[in-house]
Protein chains: 4
Amino acid sequence: MAALITARMASTAEILACFDDAALVDAALRFERELAAAQAEHGLIAPAAAAAIARACDGFDPTGLGEAAAHAGVLAIPLVARLRAAVPAEHAGAVHLGATSQDVADTALVLQIARAMPLVAGELAALADRLADLARTHATTPALGRTLLQPAELVSFGVRAANWLLAIDAAAARLAREHRAASQLALGGPVGTLSALGAIGPAVRATLAARLGLAAGPAWHSRRDAIAGLGAALGIAVGATGKLARDVALLMQPELGELAEPAIAGRGGSSAMPYKRNPTGCQVALSAAVRAPGLVASLLGGLPQELERGIGGWQAEPPVIADLFALGHGAARAMRVVIDGLEVHAAEIAAHADAASHVQVARDPALAAAARFVDEALAIHAAAVAARNLAE
Amino acid sequence: MAALITARMASTAEILACFDDAALVDAALRFERELAAAQAEHGLIAPAAAAAIARACDGFDPTGLGEAAAHAGVLAIPLVARLRAAVPAEHAGAVHLGATSQDVADTALVLQIARAMPLVAGELAALADRLADLARTHATTPALGRTLLQPAELVSFGVRAANWLLAIDAAAARLAREHRAASQLALGGPVGTLSALGAIGPAVRATLAARLGLAAGPAWHSRRDAIAGLGAALGIAVGATGKLARDVALLMQPELGELAEPAIAGRGGSSAMPYKRNPTGCQVALSAAVRAPGLVASLLGGLPQELERGIGGWQAEPPVIADLFALGHGAARAMRVVIDGLEVHAAEIAAHADAASHVQVARDPALAAAARFVDEALAIHAAAVAARNLAE
Amino acid sequence: MAALITARMASTAEILACFDDAALVDAALRFERELAAAQAEHGLIAPAAAAAIARACDGFDPTGLGEAAAHAGVLAIPLVARLRAAVPAEHAGAVHLGATSQDVADTALVLQIARAMPLVAGELAALADRLADLARTHATTPALGRTLLQPAELVSFGVRAANWLLAIDAAAARLAREHRAASQLALGGPVGTLSALGAIGPAVRATLAARLGLAAGPAWHSRRDAIAGLGAALGIAVGATGKLARDVALLMQPELGELAEPAIAGRGGSSAMPYKRNPTGCQVALSAAVRAPGLVASLLGGLPQELERGIGGWQAEPPVIADLFALGHGAARAMRVVIDGLEVHAAEIAAHADAASHVQVARDPALAAAARFVDEALAIHAAAVAARNLAE
Amino acid sequence: MAALITARMASTAEILACFDDAALVDAALRFERELAAAQAEHGLIAPAAAAAIARACDGFDPTGLGEAAAHAGVLAIPLVARLRAAVPAEHAGAVHLGATSQDVADTALVLQIARAMPLVAGELAALADRLADLARTHATTPALGRTLLQPAELVSFGVRAANWLLAIDAAAARLAREHRAASQLALGGPVGTLSALGAIGPAVRATLAARLGLAAGPAWHSRRDAIAGLGAALGIAVGATGKLARDVALLMQPELGELAEPAIAGRGGSSAMPYKRNPTGCQVALSAAVRAPGLVASLLGGLPQELERGIGGWQAEPPVIADLFALGHGAARAMRVVIDGLEVHAAEIAAHADAASHVQVARDPALAAAARFVDEALAIHAAAVAARNLAE
């Protein structure tokens, strides 16, 4: 049994499924199956061997694999042993040929990431699009700006939304960029040089990469910058949703009363105070923003890996990356739902703006400046959307 | 399905079970059941109500609880609702009386911790005792000291073991101290003052605490120092095992060849290099040491909680504490097993010491100093053991 | 030239002075001077040598020491070389006798810490005492409790202050405890065993420790748990001031208007909005709370030190410890000043409480519960003060 | 006085100078001077006013500015007050017109970064080029691969260098990319909309940006993703140098003896063991790699900034960014010097490779694979150099 209740309160079932045992075993088997297919394509193993391996993958029984992997110290040992036992003896040598444990582990991680990325990117895109609508709609809805939690000059509510939008767009773009860099097959064999595959090694690597939808390049067994970069990008995306959540939670304080999370039956209540309407979506994103920085630090802390393959550093990554994706999707989803149904209390917003007798810049020029800010942000968003569409 | 393979590779089944769904629900139900019992004892509710609640807890069905808790934003909402539905209508009001969601969440966390602590403490104690044996046995076994990974003056292998020992003992003592500070019931009601229970509130709290084996004190809904302190102590314990693992892994390099992890069938192999004998136990501890610092930072990052109950900070703690315990137990267990069966290659150790023609302090005074160091460490260890026994 | 403006904005001149170059050199020289004195006392060196070394310390010229230390890789190399050059040739061998670079570095750090601790402890104690006054004064001043930034049941303003108080007291007690554990002389010589001093080594160590006001024990060159523990305690103290700051800043929002930082001429203004009164003290503490968790993680990340003396880990500590003390003192000072002159807007507090028609617990029982909470907190505080006085 | 000795031991005088008080004041004054010039260009203020402001900047006296800034809570308050006092009264209103404190703070930080970046990028580029030489020279120098600190299959020493090279190149490219994103003027005025400058605001912003060599865009007062991204990129670069340092330090162990840091008079010694040759350059980089992850976490922790301008989060950034640049340059410089003069002990490397009777892949195919790895890495490096040159 696992700690799924706790995990689920911080995240979504969909993204947790991308990193669960089934997903991990599936990804690892995909590596072994497609490796065999690629090697058969290049004549390294017999087509019959590749077919037998594919069948062994189909019929793979993962029972007890966790215990066995923990005992061995790597997943590949029991996984490959079971595959070898499952194919006819003459094909046993064709399983995992020329590959090493870390090839499976790293590629499986990248394949799990490939499945998780569209979920996070999709939520961020949807969130951004909705924020753009808010910015457009409220481009000149006067609102009281607040700095250091004190009243300042006038903005519009659209400026606030535009600012959220720019942060989400920037985070999504960085995440997409880092994901591209990290989407690389790991196939290097024992010491990373493909030495066991001979001169045809790079060609096999290219074929395998194509089959898995990944880029090919020199094995990155002890170069973990791309994983760290991806993790940092996820951490920044979580931070951007956290900023949005912080603002919504502040503006939901009844004394301000400018916004409210959507009323959803059964959500945001209190076991002791039935009258309460808690900012539950914001809570998810703010909680994620508390956890993400340390997780990113964990990835960075593992960078100084030893020689051709480190001891401890890369083994620390999979659960940390899984947590960052879980938090990233959980936070983006929570805030997308919040913004989808956000209650904008125009009267209260207006009242605070109207009451601001202290301001130095008059209402009309302040709103004109606000409209310019929004226009600029929407133009940047349009470019981001175009870039996003181009990349797909 | 969950990410148990990955979790198990870094930890043990026993400690993971302390924080799984069953353990969480069990702890939460224990809170509700004993709260009712305590309230019955003080005449706040009828004995029949307490009995009905106990029965409802016995028959509790956790199906779908994770989804429901995620929807509500807190576990207590669906949990209490199910209990209320499961008792006769006249007792529904007796369920969770005067308590709040965070009371359940915080106390459940503390109860899970109470179950996990002896596992970690037990492994650390066993590890320390074995290190003490090593230190005693090798108090004057000459060994080459190494500073900044370069040869230095002579020590004994016992000095090295004594140094590991002191670090583990100090970490275990801090952990025990912080655990005592954190073993406190949370019962405060909606705003932490026990306001819904009237003047008898503190007495109910004391009774409930006694029933749960916890200390009683003012509710700590928005004071999370004890949780952070416990987390930091776990992080330091992981660091101490990481230091031990770093040293063993370095001394296992064949060119040094002074130590080896025990040969355990099926452990430490390589999927590509069957001749390998990897420091797999050290890998577990070093990997934990990469992850723990960031997790501690996450707990500290959540400290500035808002007013009577924060938004995001305390909600971030349970998975982080669970991870720190998982890493703490995983690392301590792994290194306890390593030290239990450690191969001490006396001849190689002696050879390196003998070949050290550069040393400035002669062998005899160096070994006499080593023996004094070991004696001092063993005396400190004896005091630590006495303190540990006293506390039990 | 240094980055003092930035440092000073986050901290105080007094604590920065505890870790500046003069303080470091002073501490390092104190080690060398008292080491010689202790060795003369035990007949290891001539009294004349100790006297010469003391004179050389008095006349020490630190010019260019930073550059020289950076070149050498350790401070002790140029420092000891200068001392040796400054004493008569026959006493050169008496300088730094039997000690190693890390002995100086570690002891100097501990001596700097010894100077910094009373500053931090003093501010925390003063802050706690003032919070106790606030709690006492407002034990039954009705206030609206707020959970997840939403209105909840009634508390008193005294409950809020008592909660702040308990967090500060707990943090101060942990800090004092960890400081005691860390206040240990480092004298171990090249490999930590005092091997170069012979059988009299431990006695010399005890004398030196007494002269420096530190405890004595086995050298801790590669056991850094005490430094990490101290750092974590500082981080938690910063977090406790951050919680206080978060609350004050929230309650200072004009729409709530329950509190205000004291009006201090020239503080809290805006370069663009002269009407503003910013929560500048809170800003200092909240900024510290953003920085501290990562610094604590840095200390924990260095724990797996290599063999008898690590490469990188312990060298990372001094600037991190200095930063944590700087933030700890800066935050505690800032909030002590805030609380010293805190404007408690009783009318606004009362108005919010009065307007809370949603509450379930009536005013009188809510206030009675509040008074009990405050009493309990004040009793705990009294015990903390007594323990603090006892320890002094 | 400041903690320069400690700072200098971890970094270089050049980069510390980019973030010292003089650099900060210079950057802040550059903002004010060029803002005035831009506003004069657009007719917002008189040319005479701009000239007077320029003169006031030239004659600016920073005495006591740190204390004053700490008192005010922001640097801009005393800085602008002094400028206003230094210009003829009729021009006082032209100083800092339409700008806000955070505009100065943020832009000054970006200008300091602009000065620091070429230093870090230059060291990384030089380090990469030298690593490329090493890889080329030793493309087929047989070497024993080591995984999990245990002997594995054969590589070449060139493969090891190529792996270091790829990590440094990837880190440098990420750093350049994140620097471009962060090189943006902050000019938004009180609430970020340029409201005080009217319709000409964006034009003034564009002119000012061009004068400062920065990009222009919507004010980023409360969107800190670019700063966090830059910090993460620095942290990853530090990690890449840390990986290189870890490997060099391991290979310098005399029992391996494959490499040595260059012998530099007065560097790498021991105050107790004159025979020692410590890996002092590696120590600098490894120490940086211990500190950097926590610093990155600090930046991420500050992301959820409040509304139009946060309290605490952005104020935490300047010292953290300064530390990351200091560590980045210190580590890159240290390792560049190490690699510049690296002693490659070909005989020992060969001996270990020759003695490796356990290997499964024969020498010739292993070396052919090594040569392919090196070629591929050098091609990637050539592309990186071309991209780098293009960007300059």
# chains A, B, ... in the order shown; residues from 1 in each chain; ligands from 1
>>> residues_around(residues="Arg309 in chain D", least_positions_apart="6", cutoff="8 Å", atoms="only C-alpha atoms", output="mmCIF file with N, CA, C and O atoms, in the first residue's frame")
data_model
loop_
_atom_site.group_PDB
_atom_site.id
_atom_site.type_symbol
_atom_site.label_atom_id
_atom_site.label_comp_id
_atom_site.auth_asym_id
_atom_site.auth_seq_id
_atom_site.Cartn_x
_atom_site.Cartn_y
_atom_site.Cartn_z
ATOM 1 N N ARG A 146 -1.414 47.321 -4.892
ATOM 2 C CA ARG A 146 -0.946 47.115 -3.514
ATOM 3 C C ARG A 146 0.513 46.666 -3.551
ATOM 4 O O ARG A 146 0.840 45.665 -4.187
ATOM 5 N N THR A 147 1.351 47.392 -2.858
ATOM 6 C CA THR A 147 2.771 47.040 -2.801
ATOM 7 C C THR A 147 3.169 46.878 -1.343
ATOM 8 O O THR A 147 2.737 47.660 -0.483
ATOM 9 N N LEU A 148 3.954 45.848 -1.092
ATOM 10 C CA LEU A 148 4.287 45.463 0.290
ATOM 11 C C LEU A 148 3.025 45.349 1.144
ATOM 12 O O LEU A 148 3.021 45.695 2.328
ATOM 13 N N LEU A 149 1.963 44.909 0.541
ATOM 14 C CA LEU A 149 0.658 44.724 1.194
ATOM 15 C C LEU A 149 0.053 46.037 1.677
ATOM 16 O O LEU A 149 -0.808 46.043 2.567
ATOM 17 N N VAL D 191 3.341 51.204 -9.549
ATOM 18 C CA VAL D 191 2.625 49.926 -9.645
ATOM 19 C C VAL D 191 2.937 49.159 -10.932
ATOM 20 O O VAL D 191 2.194 48.267 -11.336
ATOM 21 N N HIS D 221 8.291 43.628 -11.533
ATOM 22 C CA HIS D 221 8.406 43.787 -10.077
ATOM 23 C C HIS D 221 8.023 42.537 -9.299
ATOM 24 O O HIS D 221 8.677 42.191 -8.324
ATOM 25 N N SER D 222 6.959 41.905 -9.701
ATOM 26 C CA SER D 222 6.518 40.740 -8.924
ATOM 27 C C SER D 222 6.541 39.452 -9.756
ATOM 28 O O SER D 222 5.942 38.465 -9.379
#
>>> interface_residues(of="chain A", to="chain B", cutoff="7 Å", atoms="only C-alpha atoms", output="VMD selection string")
chain A and resid 1 to 6 8 to 9 19 to 21 66 to 67 69 to 73 76 to 77 99 to 101 190 266 to 273 280 283 to 284 286 to 287 290 to 291 293 to 295 297 to 298 301 to 302 311 to 313 315 to 316 319
>>> select_by_dssp(residues="range 221-277 of chain B", states="alpha helix (DSSP H)", output="MDAnalysis selection string")
chainID B and resid 225:251
>>> residues_around(residues="Leu256 in chain D", least_positions_apart="6", cutoff="8 Å", atoms="only C-alpha atoms", output="compact mmCIF listing (two decimals) with C-alpha atoms, in the first residue's frame")
# COMPACT_ATOMS: atom_id res chain seq x y z
CA GLU B 255 43.20 0.59 -5.64
CA LEU D 250 39.36 11.12 -7.05
CA GLU D 348 49.58 5.31 -14.44
>>> atom_distance(atom1="CA of Gln150 in chain A", atom2="CA of Asp247 in chain A")
13.3 Å
>>> atom_distance(atom1="CA of Ala167 in chain C", atom2="CA of Ala245 in chain C")
12.5 Å
>>> select_by_dssp(residues="range 31-237 of chain B", states="strand (DSSP E)", output="VMD selection string")
chain B and resid 142 to 147 150 to 156
>>> write_last_selection(atoms="N, CA, C and O atoms", output="PDB file, in the first residue's frame")
ATOM      1  N   PRO B 142      46.900  -0.123  12.701  1.00  0.00           N
ATOM      2  CA  PRO B 142      47.399   1.077  12.023  1.00  0.00           C
ATOM      3  C   PRO B 142      46.719   1.283  10.673  1.00  0.00           C
ATOM      4  O   PRO B 142      46.501   0.315   9.934  1.00  0.00           O
ATOM      5  N   ALA B 143      46.401   2.526  10.374  1.00  0.00           N
ATOM      6  CA  ALA B 143      45.773   2.843   9.094  1.00  0.00           C
ATOM      7  C   ALA B 143      46.278   4.201   8.645  1.00  0.00           C
ATOM      8  O   ALA B 143      46.653   5.048   9.464  1.00  0.00           O
ATOM      9  N   LEU B 144      46.293   4.363   7.363  1.00  0.00           N
ATOM     10  CA  LEU B 144      46.745   5.634   6.816  1.00  0.00           C
ATOM     11  C   LEU B 144      45.600   6.633   6.857  1.00  0.00           C
ATOM     12  O   LEU B 144      44.546   6.386   6.266  1.00  0.00           O
ATOM     13  N   GLY B 145      45.821   7.744   7.562  1.00  0.00           N
ATOM     14  CA  GLY B 145      44.833   8.804   7.539  1.00  0.00           C
ATOM     15  C   GLY B 145      44.831   9.484   6.187  1.00  0.00           C
ATOM     16  O   GLY B 145      45.847   9.518   5.485  1.00  0.00           O
ATOM     17  N   ARG B 146      43.665  10.004   5.804  1.00  0.00           N
ATOM     18  CA  ARG B 146      43.580  10.682   4.499  1.00  0.00           C
ATOM     19  C   ARG B 146      42.783  11.969   4.661  1.00  0.00           C
ATOM     20  O   ARG B 146      41.641  11.938   5.135  1.00  0.00           O
ATOM     21  N   THR B 147      43.397  13.058   4.277  1.00  0.00           N
ATOM     22  CA  THR B 147      42.722  14.352   4.384  1.00  0.00           C
ATOM     23  C   THR B 147      42.697  14.991   3.003  1.00  0.00           C
ATOM     24  O   THR B 147      43.683  14.911   2.264  1.00  0.00           O
ATOM     25  N   GLN B 150      43.990  12.952   0.271  1.00  0.00           N
ATOM     26  CA  GLN B 150      45.431  12.734   0.125  1.00  0.00           C
ATOM     27  C   GLN B 150      45.961  12.088   1.396  1.00  0.00           C
ATOM     28  O   GLN B 150      45.421  12.316   2.475  1.00  0.00           O
ATOM     29  N   PRO B 151      47.002  11.309   1.269  1.00  0.00           N
ATOM     30  CA  PRO B 151      47.538  10.629   2.444  1.00  0.00           C
ATOM     31  C   PRO B 151      48.062  11.618   3.477  1.00  0.00           C
ATOM     32  O   PRO B 151      48.658  12.637   3.126  1.00  0.00           O
ATOM     33  N   ALA B 152      47.813  11.291   4.735  1.00  0.00           N
ATOM     34  CA  ALA B 152      48.217  12.163   5.822  1.00  0.00           C
ATOM     35  C   ALA B 152      48.989  11.322   6.849  1.00  0.00           C
ATOM     36  O   ALA B 152      49.728  10.420   6.477  1.00  0.00           O
ATOM     37  N   GLU B 153      48.789  11.609   8.111  1.00  0.00           N
ATOM     38  CA  GLU B 153      49.490  10.871   9.158  1.00  0.00           C
ATOM     39  C   GLU B 153      48.737   9.565   9.483  1.00  0.00           C
ATOM     40  O   GLU B 153      47.634   9.339   9.006  1.00  0.00           O
ATOM     41  N   LEU B 154      49.332   8.772  10.332  1.00  0.00           N
ATOM     42  CA  LEU B 154      48.721   7.502  10.707  1.00  0.00           C
ATOM     43  C   LEU B 154      47.587   7.691  11.714  1.00  0.00           C
ATOM     44  O   LEU B 154      47.679   8.499  12.632  1.00  0.00           O
ATOM     45  N   VAL B 155      46.547   6.954  11.511  1.00  0.00           N
ATOM     46  CA  VAL B 155      45.503   6.781  12.527  1.00  0.00           C
ATOM     47  C   VAL B 155      45.404   5.271  12.767  1.00  0.00           C
ATOM     48  O   VAL B 155      46.306   4.520  12.389  1.00  0.00           O
ATOM     49  N   SER B 156      44.330   4.851  13.371  1.00  0.00           N
ATOM     50  CA  SER B 156      44.036   3.419  13.358  1.00  0.00           C
ATOM     51  C   SER B 156      42.697   3.267  12.681  1.00  0.00           C
ATOM     52  O   SER B 156      41.923   4.230  12.579  1.00  0.00           O
TER      53      SER B 156
END
>>> atom_distance(atom1="CA of Ala173 in chain C", atom2="CA of Arg130 in chain C")
16.9 Å
>>> closest_residue(among="C:Ala356, C:Ala370, C:Ala172, C:Leu251", to="Leu230 in chain C", atoms="only C-alpha atoms")
C:Ala172
>>> residues_around(residues="Ala139 in chain A", least_positions_apart="3", cutoff="8 Å", atoms="only C-alpha atoms", output="list in words")
Ala135, Arg136, Ser156, Phe157, Gly158, Val159, Ala370, Ala371 and Val374 of chain A
>>> residues_around(residues="range 50-63 of chain C", least_positions_apart="4", cutoff="6 Å", atoms="only C-alpha atoms", output="list of chain:residue names")
C:Leu29, C:Arg33, C:Ala36, C:Ala37, C:Leu83, C:Ala86, C:Val87
